[in-house]
Amino acid sequence: MSSSSKIRAFELQSKNKADLLAQLTELKTELATLRVQKVVGGNQSKLTKIGTVRKSIARILTVINQKQRQNLREFYKKSKYIPLDLRYKKTRAIRRRLTKKEASLITEKQHKKDIHFPQRKYALKA
């Protein structure tokens with residue numbers, strides 16, 4: 001495949017890893033030949049193509065990484081612990097905060113106090 005047409009990320013999403021890697025090696029060899037032509041003194045149209053080839057390589061690598069991370073997320077979905085780089089970052093304060101369950105827990109003593117001495121209900125005269 002020639003890189004004269006711009007590679008689009010949504011088209012790459014449907015391809016499997018083997019196809020992506022084959023396309024990646026093809027683009028890398030094309031980039032190498034373009035760089036040789038640059039040194040030799042090739043025409044200007046070939047030199048401007050270097051940028052598009054580099055961007056295409058970056059797109060392919062991005063799609064490969066996205067797919068890899070997606071597969072890892074599926075793999076760790078059921079497990080108790082998730083690797084740090086797959087967890088949601090948010091902020092440090094939010095990560096340190098008590099969970100909803102931890103915040104709602106009460107001590108045994110407080111639980112007994114609540115049971116034995118419930119809030120009194122008063123009937124007020126209107």
# chains A, B, ... in the order shown; residues from 1 in each chain; ligands from 1

call {"tool": "residues_around", "arguments": {"residues": "Lys49 (chain A)", "least_positions_apart": "2", "cutoff": "12 Å", "atoms": "only C-alpha atoms", "output": "PyMOL selection string"}}
result
chain A and resi 2-6+27+30-35+37-38+42-47+51-56

call {"tool": "select_by_dssp", "arguments": {"residues": "region 2-64 of chain A", "states": "helix (DSSP H, G or I)", "output": "MDAnalysis selection string"}}
result
chainID A and resid 9:13 17:40 44:64

call {"tool": "residues_around", "arguments": {"residues": "region 84-86 of chain A", "least_positions_apart": "6", "cutoff": "12 Å", "atoms": "only C-alpha atoms", "output": "PyMOL selection string"}}
result
chain A and resi 66+68-77+95

call {"tool": "write_last_selection", "arguments": {"atoms": "N, CA, C and O atoms", "output": "compact mmCIF listing (two decimals), in the first residue's frame"}}
result
# COMPACT_ATOMS: atom_id res chain seq x y z
N GLN A 66 -3.74 1.09 21.61
CA GLN A 66 -5.13 1.15 22.07
C GLN A 66 -5.74 -0.24 22.15
O GLN A 66 -6.40 -0.58 23.14
N GLN A 68 -4.16 -3.08 22.44
CA GLN A 68 -3.47 -3.84 23.49
C GLN A 68 -4.04 -3.49 24.86
O GLN A 68 -4.33 -4.37 25.68
N ARG A 69 -4.22 -2.19 25.12
CA ARG A 69 -4.76 -1.74 26.40
C ARG A 69 -6.21 -2.21 26.58
O ARG A 69 -6.61 -2.59 27.67
N GLN A 70 -6.96 -2.20 25.49
CA GLN A 70 -8.35 -2.66 25.55
C GLN A 70 -8.42 -4.14 25.90
O GLN A 70 -9.23 -4.56 26.74
N ASN A 71 -7.54 -4.94 25.30
CA ASN A 71 -7.48 -6.37 25.61
C ASN A 71 -7.07 -6.61 27.06
O ASN A 71 -7.61 -7.50 27.73
N LEU A 72 -6.12 -5.80 27.56
CA LEU A 72 -5.71 -5.93 28.95
C LEU A 72 -6.84 -5.56 29.91
O LEU A 72 -7.02 -6.19 30.94
N ARG A 73 -7.60 -4.53 29.56
CA ARG A 73 -8.74 -4.14 30.39
C ARG A 73 -9.76 -5.28 30.47
O ARG A 73 -10.29 -5.57 31.53
N GLU A 74 -10.01 -5.93 29.33
CA GLU A 74 -10.93 -7.08 29.32
C GLU A 74 -10.38 -8.21 30.18
O GLU A 74 -11.13 -8.87 30.91
N PHE A 75 -9.07 -8.44 30.10
CA PHE A 75 -8.43 -9.53 30.85
C PHE A 75 -8.53 -9.30 32.36
O PHE A 75 -8.82 -10.22 33.12
N TYR A 76 -8.33 -8.05 32.80
CA TYR A 76 -8.33 -7.74 34.23
C TYR A 76 -9.68 -7.31 34.76
O TYR A 76 -9.80 -6.95 35.92
N LYS A 77 -10.72 -7.35 33.92
CA LYS A 77 -12.05 -6.88 34.34
C LYS A 77 -12.58 -7.62 35.57
O LYS A 77 -13.11 -7.01 36.49
N ARG A 95 -7.96 9.57 44.81
CA ARG A 95 -7.46 8.20 44.97
C ARG A 95 -7.22 7.85 46.43
O ARG A 95 -7.40 6.72 46.85

call {"tool": "closest_residue", "arguments": {"among": "A:Leu105, A:Ile94, A:Leu12, A:Ile115", "to": "Arg59 (chain A)", "atoms": "only C-alpha atoms"}}
result
A:Leu12

call {"tool": "closest_residue", "arguments": {"among": "A:Lys101, A:Lys28, A:Lys125, A:Lys113", "to": "Leu61 (chain A)", "atoms": "only C-alpha atoms"}}
result
A:Lys28

call {"tool": "atom_distance", "arguments": {"atom1": "CA of Thr91 (chain A)", "atom2": "CA of Ala58 (chain A)"}}
result
28.7 Å

call {"tool": "closest_residue", "arguments": {"among": "A:Arg120, A:Ile57, A:Asp19, A:Val36", "to": "Ile7 (chain A)", "atoms": "only C-alpha atoms"}}
result
A:Ile57

call {"tool": "atom_distance", "arguments": {"atom1": "CA of Glu108 (chain A)", "atom2": "CA of Lys80 (chain A)"}}
result
27.2 Å

call {"tool": "atom_distance", "arguments": {"atom1": "CA of Ala9 (chain A)", "atom2": "CA of Leu21 (chain A)"}}
result
14.3 Å
